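Quick look at target38.cif (mmCIF, C-alpha atoms):
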```cif
data_query
#
loop_
_atom_site.group_PDB
_atom_site.id
_atom_site.type_symbol
_atom_site.label_atom_id
_atom_site.label_comp_id
_atom_site.auth_asym_id
_atom_site.auth_seq_id
_atom_site.Cartn_x
_atom_site.Cartn_y
_atom_site.Cartn_z
ATOM 1 C CA ILE A 10 152.194 307.459 -18.543
ATOM 2 C CA GLY A 11 155.151 305.155 -18.003
ATOM 3 C CA GLU A 12 158.651 305.622 -16.659
ATOM 4 C CA ARG A 13 160.185 306.114 -20.103
ATOM 5 C CA ASP A 14 158.042 309.178 -20.832
ATOM 6 C CA VAL A 15 158.453 310.473 -17.291
ATOM 7 C CA GLN A 16 162.238 310.523 -17.585
ATOM 8 C CA LYS A 17 162.138 311.824 -21.157
ATOM 9 C CA HIS A 18 160.028 314.877 -20.338
ATOM 10 C CA LEU A 19 161.344 315.782 -16.884
ATOM 11 C CA THR A 20 164.839 316.764 -15.769
ATOM 12 C CA VAL A 21 166.419 316.623 -12.339
ATOM 13 C CA GLU A 22 166.730 320.410 -12.380
ATOM 14 C CA SER A 23 163.049 320.883 -13.229
ATOM 15 C CA VAL A 24 162.047 318.589 -10.364
ATOM 16 C CA ILE A 25 164.198 320.560 -7.905
ATOM 17 C CA ARG A 26 162.618 323.834 -9.038
ATOM 18 C CA ARG A 27 159.102 322.402 -8.842
ATOM 19 C CA VAL A 28 159.619 321.028 -5.319
ATOM 20 C CA GLU A 29 160.920 324.375 -4.074
ATOM 21 C CA ASP A 30 158.048 326.191 -5.801
ATOM 22 C CA THR A 31 155.523 323.840 -4.209
ATOM 23 C CA TRP A 32 157.009 324.358 -0.767
ATOM 24 C CA ARG A 33 156.697 328.112 -1.313
ATOM 25 C CA TRP A 34 153.113 327.792 -2.570
ATOM 26 C CA TYR A 35 152.235 325.720 0.488
ATOM 27 C CA GLY A 36 153.807 328.341 2.742
ATOM 28 C CA GLU A 37 151.800 331.038 0.955
ATOM 29 C CA GLY A 38 148.558 329.152 1.550
ATOM 30 C CA THR A 39 147.714 328.082 -2.015
ATOM 31 C CA VAL A 40 148.038 324.329 -1.463
ATOM 32 C CA VAL A 41 145.519 322.063 0.263
ATOM 33 C CA MET A 42 147.159 318.931 1.644
ATOM 34 C CA PRO A 43 145.882 316.750 4.491
ATOM 35 C CA SER A 44 148.281 314.442 6.286
ATOM 36 C CA LYS A 45 149.068 311.178 4.547
ATOM 37 C CA VAL A 46 147.178 308.026 5.504
ATOM 38 C CA THR A 47 149.065 304.743 5.889
ATOM 39 C CA LEU A 48 147.706 301.310 5.056
ATOM 40 C CA ASP A 49 149.869 298.817 6.981
ATOM 41 C CA MET A 50 149.146 295.282 5.789
ATOM 42 C CA SER A 51 151.677 293.498 8.008
ATOM 43 C CA ALA A 52 149.052 292.467 10.596
ATOM 44 C CA LEU A 53 147.553 290.164 7.960
ATOM 45 C CA GLY A 54 150.876 288.749 6.849
ATOM 46 C CA VAL A 55 151.519 291.028 3.876
ATOM 47 C CA LYS A 56 155.027 292.471 4.017
ATOM 48 C CA GLY A 57 154.108 295.895 2.766
ATOM 49 C CA TRP A 58 152.550 299.261 3.446
ATOM 50 C CA VAL A 59 150.963 301.950 1.283
ATOM 51 C CA ASN A 60 150.619 305.695 1.834
ATOM 52 C CA SER A 61 147.752 307.701 0.368
ATOM 53 C CA MET A 62 148.924 311.294 -0.190
ATOM 54 C CA PRO A 63 146.280 313.664 -1.639
ATOM 55 C CA SER A 64 146.697 317.347 -2.459
ATOM 56 C CA TYR A 65 145.394 320.274 -4.480
ATOM 57 C CA VAL A 66 148.023 322.653 -5.864
ATOM 58 C CA GLN A 67 146.301 325.802 -7.083
ATOM 59 C CA ALA A 68 149.167 326.988 -9.286
ATOM 60 C CA THR A 69 148.980 323.797 -11.364
ATOM 61 C CA ASP A 70 145.160 323.629 -11.424
ATOM 62 C CA CYS A 71 145.353 319.956 -10.513
ATOM 63 C CA ALA A 72 144.145 317.754 -7.726
ATOM 64 C CA GLY A 73 146.241 314.661 -7.237
ATOM 65 C CA ILE A 74 147.024 311.706 -5.071
ATOM 66 C CA LYS A 75 150.208 309.707 -4.774
ATOM 67 C CA TRP A 76 149.702 306.024 -3.949
ATOM 68 C CA VAL A 77 153.104 304.868 -2.755
ATOM 69 C CA GLY A 78 154.237 301.858 -0.789
ATOM 70 C CA GLY A 79 157.170 299.816 0.394
ATOM 71 C CA TYR A 80 157.298 296.078 -0.263
ATOM 72 C CA GLU A 81 159.885 294.052 1.645
ATOM 73 C CA ASP A 82 160.088 291.185 -0.838
ATOM 74 C CA ASN A 83 160.542 293.374 -3.912
ATOM 75 C CA PRO A 84 164.358 293.607 -3.914
ATOM 76 C CA GLY A 85 164.558 289.811 -4.035
ATOM 77 C CA ARG A 86 162.269 289.886 -7.052
ATOM 78 C CA GLY A 87 164.403 292.445 -8.859
ATOM 79 C CA LEU A 88 161.879 295.200 -8.158
ATOM 80 C CA PRO A 89 162.321 298.492 -6.276
ATOM 81 C CA TYR A 90 161.405 298.478 -2.592
ATOM 82 C CA ILE A 91 159.363 301.671 -3.115
ATOM 83 C CA ARG A 92 156.675 301.683 -5.833
ATOM 84 C CA ALA A 93 154.468 304.676 -6.621
ATOM 85 C CA LYS A 94 151.658 305.871 -8.870
ATOM 86 C CA ILE A 95 150.287 309.406 -9.163
ATOM 87 C CA PHE A 96 146.674 310.112 -10.154
ATOM 88 C CA LEU A 97 145.710 313.588 -11.406
ATOM 89 C CA SER A 98 142.141 314.833 -11.724
ATOM 90 C CA ASP A 99 140.290 317.979 -12.719
ATOM 91 C CA PRO A 100 139.615 319.825 -9.440
ATOM 92 C CA ARG A 101 136.258 321.135 -10.692
ATOM 93 C CA ASN A 102 134.529 318.107 -12.168
ATOM 94 C CA GLY A 103 136.550 315.082 -11.045
ATOM 95 C CA ASP A 104 137.592 313.955 -14.522
ATOM 96 C CA LEU A 105 140.680 311.756 -14.404
ATOM 97 C CA ARG A 106 143.463 313.559 -16.257
ATOM 98 C CA ALA A 107 146.371 311.154 -15.948
ATOM 99 C CA VAL A 108 147.769 308.076 -14.250
ATOM 100 C CA VAL A 109 151.520 308.522 -13.958
ATOM 101 C CA SER A 110 154.202 306.046 -12.953
ATOM 102 C CA GLY A 111 155.649 307.627 -9.836
ATOM 103 C CA ASP A 112 158.812 305.626 -9.111
ATOM 104 C CA TRP A 113 161.310 308.089 -10.609
ATOM 105 C CA ILE A 114 159.255 311.110 -9.573
ATOM 106 C CA SER A 115 159.036 309.880 -5.982
ATOM 107 C CA ASP A 116 162.770 309.213 -5.801
ATOM 108 C CA MET A 117 163.756 312.545 -7.350
ATOM 109 C CA ARG A 118 161.239 314.510 -5.320
ATOM 110 C CA THR A 119 162.761 312.949 -2.203
ATOM 111 C CA GLY A 120 166.247 313.832 -3.386
ATOM 112 C CA ALA A 121 165.176 317.361 -4.274
ATOM 113 C CA GLN A 122 163.783 317.841 -0.778
ATOM 114 C CA ALA A 123 167.150 316.889 0.715
ATOM 115 C CA ALA A 124 168.987 319.294 -1.583
ATOM 116 C CA ILE A 125 166.657 322.212 -0.883
ATOM 117 C CA ALA A 126 166.685 321.548 2.863
ATOM 118 C CA CYS A 127 170.492 321.733 2.765
ATOM 119 C CA LYS A 128 170.289 324.950 0.745
ATOM 120 C CA TYR A 129 168.242 326.597 3.499
ATOM 121 C CA LEU A 130 169.694 324.960 6.608
ATOM 122 C CA ALA A 131 173.312 323.841 6.098
ATOM 123 C CA ALA A 132 176.117 326.139 7.226
ATOM 124 C CA SER A 133 178.396 324.232 4.842
ATOM 125 C CA THR A 134 178.061 321.246 2.525
ATOM 126 C CA ASP A 135 181.778 320.554 2.147
ATOM 127 C CA VAL A 136 181.555 317.174 3.910
ATOM 128 C CA VAL A 137 178.357 315.144 3.560
ATOM 129 C CA THR A 138 177.681 311.822 5.294
ATOM 130 C CA ILE A 139 174.958 309.614 3.838
ATOM 131 C CA ILE A 140 173.775 306.599 5.819
ATOM 132 C CA GLY A 141 171.961 304.266 3.459
ATOM 133 C CA ALA A 142 172.960 303.474 -0.126
ATOM 134 C CA GLY A 143 169.625 302.818 -1.798
ATOM 135 C CA ARG A 144 167.717 304.569 -4.564
ATOM 136 C CA GLN A 145 166.588 307.534 -2.501
ATOM 137 C CA ALA A 146 170.086 308.071 -1.156
ATOM 138 C CA TYR A 147 171.304 308.114 -4.761
ATOM 139 C CA ALA A 148 168.596 310.615 -5.713
ATOM 140 C CA SER A 149 169.509 312.804 -2.743
ATOM 141 C CA LEU A 150 173.168 313.042 -3.695
ATOM 142 C CA LEU A 151 172.314 313.500 -7.371
ATOM 143 C CA CYS A 152 170.071 316.469 -6.561
ATOM 144 C CA MET A 153 172.458 317.906 -3.992
ATOM 145 C CA GLY A 154 175.257 317.828 -6.535
ATOM 146 C CA ARG A 155 173.187 319.961 -8.909
ATOM 147 C CA ILE A 156 172.746 322.922 -6.556
ATOM 148 C CA LEU A 157 175.361 322.595 -3.781
ATOM 149 C CA ASP A 158 179.144 322.667 -3.526
ATOM 150 C CA ILE A 159 180.317 319.346 -2.077
ATOM 151 C CA LYS A 160 183.940 318.337 -1.539
ATOM 152 C CA GLU A 161 183.655 314.969 0.225
ATOM 153 C CA VAL A 162 180.965 312.295 0.548
ATOM 154 C CA ARG A 163 181.147 309.629 3.253
ATOM 155 C CA LEU A 164 178.896 306.645 2.635
ATOM 156 C CA CYS A 165 177.640 304.064 5.138
ATOM 157 C CA ASP A 166 175.517 300.970 4.595
ATOM 158 C CA ILE A 167 175.386 297.509 6.140
ATOM 159 C CA ARG A 168 175.783 296.127 2.599
ATOM 160 C CA ARG A 169 179.260 296.608 1.162
ATOM 161 C CA ALA A 170 178.026 295.730 -2.325
ATOM 162 C CA ALA A 171 175.369 298.435 -2.113
ATOM 163 C CA MET A 172 178.007 301.060 -1.292
ATOM 164 C CA GLU A 173 180.209 299.942 -4.169
ATOM 165 C CA HIS A 174 177.275 300.069 -6.584
ATOM 166 C CA PHE A 175 176.276 303.492 -5.264
ATOM 167 C CA MET A 176 179.743 304.932 -5.798
ATOM 168 C CA SER A 177 179.964 303.425 -9.286
ATOM 169 C CA ARG A 178 176.989 305.574 -10.295
ATOM 170 C CA PHE A 179 179.035 308.751 -9.784
ATOM 171 C CA PRO A 180 182.089 308.036 -11.984
ATOM 172 C CA ASP A 181 182.765 311.691 -12.812
ATOM 173 C CA ALA A 182 181.734 313.241 -9.508
ATOM 174 C CA PRO A 183 183.520 316.508 -8.663
ATOM 175 C CA PHE A 184 183.865 315.366 -5.049
ATOM 176 C CA ALA A 185 185.737 312.592 -3.254
ATOM 177 C CA MET A 186 183.750 309.535 -2.158
ATOM 178 C CA ALA A 187 184.591 306.837 0.357
ATOM 179 C CA ALA A 188 182.783 303.924 1.995
ATOM 180 C CA PHE A 189 182.896 303.733 5.798
ATOM 181 C CA GLU A 190 182.334 300.714 8.029
ATOM 182 C CA SER A 191 181.733 302.899 11.091
ATOM 183 C CA ASN A 192 178.850 305.370 11.308
ATOM 184 C CA GLU A 193 180.689 307.209 14.063
ATOM 185 C CA GLU A 194 183.797 307.684 11.947
ATOM 186 C CA ALA A 195 181.699 308.885 9.023
ATOM 187 C CA CYS A 196 179.662 311.330 11.118
ATOM 188 C CA ARG A 197 182.372 312.999 13.192
ATOM 189 C CA GLY A 198 183.376 316.305 11.636
ATOM 190 C CA SER A 199 180.728 316.115 8.916
ATOM 191 C CA ASP A 200 178.808 319.231 7.876
ATOM 192 C CA VAL A 201 175.661 317.373 6.814
ATOM 193 C CA ILE A 202 174.511 313.949 8.049
ATOM 194 C CA ILE A 203 171.681 312.313 6.108
ATOM 195 C CA THR A 204 169.877 309.132 7.120
ATOM 196 C CA VAL A 205 167.874 307.465 4.363
ATOM 197 C CA THR A 206 167.252 303.861 5.430
ATOM 198 C CA ASN A 207 164.366 301.617 6.457
ATOM 199 C CA ALA A 208 165.937 300.810 9.830
ATOM 200 C CA ASP A 209 164.651 301.627 13.311
ATOM 201 C CA ALA A 210 168.069 301.982 14.939
ATOM 202 C CA GLU A 211 170.339 304.613 16.502
ATOM 203 C CA LEU A 212 172.387 305.163 13.363
ATOM 204 C CA VAL A 213 173.503 308.622 14.548
ATOM 205 C CA ARG A 214 174.355 309.570 18.127
ATOM 206 C CA GLU A 215 174.678 313.021 19.628
ATOM 207 C CA PRO A 216 178.422 313.018 20.474
ATOM 208 C CA TRP A 217 179.195 312.408 16.794
ATOM 209 C CA VAL A 218 177.429 315.609 15.637
ATOM 210 C CA ARG A 219 179.676 318.656 15.541
ATOM 211 C CA LYS A 220 178.611 322.244 16.207
ATOM 212 C CA GLY A 221 177.106 323.796 13.106
ATOM 213 C CA ALA A 222 176.095 320.466 11.570
ATOM 214 C CA LEU A 223 172.789 319.666 9.907
ATOM 215 C CA VAL A 224 171.245 316.253 10.610
ATOM 216 C CA LEU A 225 168.660 315.394 7.978
ATOM 217 C CA THR A 226 166.423 312.377 8.630
ATOM 218 C CA MET A 227 164.205 311.220 5.793
ATOM 219 C CA GLY A 228 161.145 309.018 5.817
ATOM 220 C CA SER A 229 159.183 307.048 8.374
ATOM 221 C CA PHE A 230 161.817 305.394 10.554
ATOM 222 C CA THR A 231 163.619 306.249 13.819
ATOM 223 C CA GLU A 232 167.271 306.579 12.837
ATOM 224 C CA THR A 233 168.942 308.671 15.562
ATOM 225 C CA SER A 234 169.279 308.581 19.317
ATOM 226 C CA ASP A 235 166.842 310.840 21.171
ATOM 227 C CA ASP A 236 169.551 313.246 22.270
ATOM 228 C CA VAL A 237 170.477 314.111 18.670
ATOM 229 C CA VAL A 238 167.063 315.759 18.487
ATOM 230 C CA LEU A 239 166.666 316.930 22.071
ATOM 231 C CA LYS A 240 170.077 318.657 22.179
ATOM 232 C CA ALA A 241 169.705 320.317 18.781
ATOM 233 C CA ASP A 242 169.542 324.102 18.690
ATOM 234 C CA LYS A 243 166.658 323.903 16.229
ATOM 235 C CA ILE A 244 164.215 321.251 15.060
ATOM 236 C CA ILE A 245 162.768 321.907 11.615
ATOM 237 C CA THR A 246 160.493 319.811 9.418
ATOM 238 C CA ASP A 247 158.591 319.873 6.160
ATOM 239 C CA HIS A 248 155.274 319.253 7.962
ATOM 240 C CA ILE A 249 154.823 319.439 11.739
ATOM 241 C CA GLY A 250 151.597 317.431 11.882
ATOM 242 C CA GLN A 251 153.062 314.497 10.001
ATOM 243 C CA SER A 252 156.340 314.583 11.926
ATOM 244 C CA LEU A 253 154.505 314.103 15.216
ATOM 245 C CA HIS A 254 153.027 310.847 13.957
ATOM 246 C CA ARG A 255 155.752 309.248 11.836
ATOM 247 C CA GLY A 256 159.469 309.381 11.237
ATOM 248 C CA ASN A 257 162.442 310.002 13.465
ATOM 249 C CA ILE A 258 160.637 312.306 15.894
ATOM 250 C CA ALA A 259 157.331 310.459 16.280
ATOM 251 C CA SER A 260 158.440 308.085 19.043
ATOM 252 C CA MET A 261 159.616 311.047 21.124
ATOM 253 C CA ALA A 262 156.260 312.747 20.584
ATOM 254 C CA ARG A 263 154.453 309.629 21.803
ATOM 255 C CA ARG A 264 156.596 309.669 24.954
ATOM 256 C CA GLY A 265 155.886 313.337 25.599
ATOM 257 C CA LEU A 266 159.446 314.499 24.846
ATOM 258 C CA ILE A 267 158.502 316.497 21.743
ATOM 259 C CA SER A 268 155.429 318.584 20.945
ATOM 260 C CA GLU A 269 154.309 320.963 18.230
ATOM 261 C CA LYS A 270 155.984 323.789 20.154
ATOM 262 C CA SER A 271 159.373 322.038 19.855
ATOM 263 C CA PHE A 272 159.658 322.905 16.157
ATOM 264 C CA ALA A 273 161.379 326.150 15.225
ATOM 265 C CA ALA A 274 159.993 326.274 11.686
ATOM 266 C CA GLU A 275 158.565 324.433 8.711
ATOM 267 C CA LEU A 276 160.533 324.386 5.470
ATOM 268 C CA THR A 277 157.444 325.516 3.568
ATOM 269 C CA ALA A 278 157.280 328.695 5.648
ATOM 270 C CA ILE A 279 161.032 329.200 5.222
ATOM 271 C CA ALA A 280 160.645 328.891 1.443
ATOM 272 C CA ALA A 281 157.843 331.475 1.579
ATOM 273 C CA GLY A 282 160.010 333.875 3.592
ATOM 274 C CA LYS A 283 157.737 333.688 6.637
ATOM 275 C CA GLN A 284 160.051 331.885 9.072
ATOM 276 C CA ALA A 285 163.789 331.763 9.639
ATOM 277 C CA GLY A 286 165.974 328.758 8.914
ATOM 278 C CA ARG A 287 169.590 328.801 10.013
ATOM 279 C CA GLU A 288 170.473 331.989 11.861
ATOM 280 C CA HIS A 289 173.984 331.166 13.126
ATOM 281 C CA PRO A 290 176.817 329.027 11.704
ATOM 282 C CA GLU A 291 177.273 327.213 15.038
ATOM 283 C CA GLU A 292 173.662 326.037 15.312
ATOM 284 C CA ARG A 293 173.113 322.297 15.320
ATOM 285 C CA ILE A 294 169.933 321.733 13.349
ATOM 286 C CA VAL A 295 167.883 318.559 13.040
ATOM 287 C CA CYS A 296 165.539 318.485 10.069
ATOM 288 C CA GLN A 297 162.899 315.772 9.689
ATOM 289 C CA LEU A 298 161.646 315.253 6.125
ATOM 290 C CA VAL A 299 158.599 313.000 6.274
ATOM 291 C CA GLY A 300 157.551 313.767 2.712
ATOM 292 C CA MET A 301 154.600 315.715 1.334
ATOM 293 C CA GLY A 302 152.254 314.639 -1.445
ATOM 294 C CA ALA A 303 151.836 318.096 -2.973
ATOM 295 C CA PRO A 304 155.233 318.168 -4.752
ATOM 296 C CA ASP A 305 154.490 314.804 -6.384
ATOM 297 C CA ALA A 306 151.202 316.065 -7.804
ATOM 298 C CA ALA A 307 152.838 319.311 -8.916
ATOM 299 C CA ILE A 308 155.656 317.424 -10.661
ATOM 300 C CA ALA A 309 153.149 315.168 -12.424
ATOM 301 C CA ALA A 310 151.272 318.269 -13.587
ATOM 302 C CA LEU A 311 154.552 319.689 -14.929
ATOM 303 C CA LEU A 312 155.119 316.427 -16.786
ATOM 304 C CA ILE A 313 151.708 316.710 -18.486
ATOM 305 C CA GLU A 314 152.462 320.324 -19.437
ATOM 306 C CA ASN A 315 155.862 319.393 -20.886
ATOM 307 C CA MET A 316 154.431 316.490 -22.869
ATOM 308 C CA ARG A 317 151.678 318.645 -24.356
ATOM 309 C CA ASN A 318 154.196 321.338 -25.274
ATOM 310 C CA ALA A 319 156.215 318.629 -27.040
ATOM 311 C CA GLY A 320 153.148 317.587 -29.034
ATOM 312 C CA VAL A 321 152.661 314.286 -27.223
ATOM 313 C CA GLU A 322 149.080 313.071 -26.979
ATOM 314 C CA ILE A 323 148.033 312.371 -23.395
ATOM 315 C CA PRO A 324 145.852 309.273 -22.893
ATOM 316 C CA THR A 325 142.270 310.133 -21.944
ATOM 317 C CA PHE A 326 139.900 308.307 -19.624
ATOM 318 C CA ASP A 327 136.194 307.824 -20.272
ATOM 319 C CA LEU A 328 134.887 305.949 -17.257
ATOM 320 C CA VAL A 329 131.228 306.954 -17.571
#
```
Conversion result in structure tokens:
Amino acid sequence: IGERDVQKHLTVESVIRRVEDTWRWYGEGTVVMPSKVTLDMSALGVKGWVNSMPSYVQATDCAGIKWVGGYEDNPGRGLPYIRAKIFLSDPRNGDLRAVVSGDWISDMRTGAQAAIACKYLAASTDVVTIIGAGRQAYASLLCMGRILDIKEVRLCDIRRAAMEHFMSRFPDAPFAMAAFESNEEACRGSDVIITVTNADAELVREPWVRKGALVLTMGSFTETSDDVVLKADKIITDHIGQSLHRGNIASMARRGLISEKSFAAELTAIAAGKQAGREHPEERIVCQLVGMGAPDAAIAALLIENMRNAGVEIPTFDLV
């Protein structure tokens, strides 16, 4: 199932709902999802990596795996840096149900996670700073705009052209947008600070983060100074096990500065009503979103359901 059908039979709103539902299902114990496995090919000269992200989501009656990677040379070839495919199978007999192009789904699922995390954890979303102006940053703001009230967006990227292109994609936005050369200037006074880059660098530093702010780091890179995390009132994540091994917090875990006990909650448990998120407007919260495979499989299952309801024939696979 290609990108055209994916975008025809899914909406941004339906993806947001499905991600939040999947978080809740996981928190209720009806999702099986081991930690993702990374295939890093750089040691053999290949500028790329691939994550294998399997899951079983009981509510959708599907087992699935997202095969997603980042390829450094792709932008120069006119291709997205991140490429993804989602495979769905019958959980009882192993029959392959669908192979789905996962580029749009992966982007929108990532954006939906940012929006829902802000819904649960942000004291305010009036002023939002986004560091990084790529596809997943675009998806994050697109999804946030669907469910949150935003008045001002501050954008940072080392590429001026990328910021200009990003802003051009929101011509009728109900909020003000501006490009910033200085991360510090963009972060100071902001309600929500989001990092969505592929840089290992201190893009956000603790003195720039006001009381009551939410710092949301997304993906597998170290994008803040240690003290942004260590001086936060709460550290929250989508998945504790994964956050200890990848992403913004992993290097601190390796150095013994962070452990499993450092996390106040998981977003899945918050969505299920089992743990608290923000409890005070002055709390500074750091949230690490590493990314879970279960929402991708659940979204792909929703796509199949929508296509069948629309009378579209789903390709079958006879591999025997």
Would you compute the distance between CA of Cys152 in chain A and CA of Ala278 in chain A? Give it in Å to one decimal.
21.5 Å
If you count all atoms listed in the file, which residues fall within 6 Å of Gly141 in chain A, apart from same-chain ones fewer than 3 positions away, as an NGL selection string?
:A and (165-166 or 205-206)
Which neighbours of Val238 in chain A fall inside 12 Å, counting only C-alpha atoms, when residues of the same chain fewer than 3 positions from it are skipped, and could you give them as number ranges by chain?
A: 211, 213-216, 218, 223-226, 231-235, 241-246, 257-262, 266-267, 271-272, 293-297
Output of the PyMOL selection byres ((chain A and resi 21) around 12), listed as a ChimeraX atom specification:
/A:15-20,22-28,113-122,124,148-156,308
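Here CA of Tyr80 in chain A and CA of Gly57 in chain A stand 4.4 Å from one another.
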Test item: residues at most 12 Å from Ala142 in chain A, all atoms listed in the file, excluding those fewer than 5 positions along its chain, as a list in words
Tyr147, Ala148, Ser149, Leu150, Val162, Arg163, Leu164, Cys165, Asp166, Ile167, Arg168, Arg169, Ala170, Ala171, Met172, Glu173, His174, Phe175, Met176, Ser177, Arg178, Ala188, Phe189, Ile203, Thr204, Val205, Thr206 and Asn207 of chain A
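For the pair CA of Glu292 in chain A and CA of Thr134 in chain A, the interatomic distance is 14.3 Å.
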Around the point (146.7, 310.5, -16.3) (coordinates from the file), which residues reach within 7 Å if we count all atoms listed in the file? Answer as an MDAnalysis selection string.
chainID A and resid 10 96:97 105:109 324
So that I can see what lies close to range 42-45 of chain A, please list as a PyMOL selection string the residues with an atom at most 8 Å from it, counting only C-alpha atoms and leaving out residues fewer than 6 positions away in the same chain.
chain A and resi 60-65+250-251+301-303
Okay, now the selection with C-alpha atoms, as a compact mmCIF listing (two decimals), in the coordinates of the input?
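What follows is the written file out_7.txt:
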```
# COMPACT_ATOMS: atom_id res chain seq x y z
CA ASN A 60 150.62 305.70 1.83
CA SER A 61 147.75 307.70 0.37
CA MET A 62 148.92 311.29 -0.19
CA PRO A 63 146.28 313.66 -1.64
CA SER A 64 146.70 317.35 -2.46
CA TYR A 65 145.39 320.27 -4.48
CA GLY A 250 151.60 317.43 11.88
CA GLN A 251 153.06 314.50 10.00
CA MET A 301 154.60 315.71 1.33
CA GLY A 302 152.25 314.64 -1.44
CA ALA A 303 151.84 318.10 -2.97
```
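Shell of Glu37 in chain A at 12 Å, with all atoms listed in the file counted and residues fewer than 6 places along the chain excluded, is Asp30, Thr31, Val66, Gln67, Ala68, Leu276, Thr277, Ala278, Ile279, Ala280, Ala281, Gly282, Lys283 and Gln284 of chain A.
The residue that comes closest to Asp70 in chain A, out of A:Glu29, A:Val201, A:Asp14, A:Ile313 and on the basis of only C-alpha atoms, is A:Ile313.
Of the residues under consideration (A:Val59, A:Ala131, A:Ala285, A:Leu239), A:Leu239 shows the shortest atom-to-atom contact distance to Ser268 in chain A when counting all atoms listed in the file.
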For this structure, which residues satisfy the selection - the PyMOL selection byres ((chain A and resi 101) around 10) - when it is evaluated on the file as given? I want them as a PyMOL selection string.
chain A and resi 70-72+98-100+102-104
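Nearest-residue note for Glu193 in chain A: choosing from A:Ala222, A:Leu212, A:Ala309, A:Ala52, the minimum distance belongs to A:Leu212, counting only C-alpha atoms.
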For Ser252 in chain A, the nearest of the candidates A:Gly300, A:Trp34, A:Arg264, A:Lys270, counting all atoms listed in the file:
A:Gly300
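The residue that comes closest to Leu130 in chain A, out of A:Asp112, A:Asp200, A:Asp49, A:Glu12 and on the basis of all atoms listed in the file, is A:Asp200.
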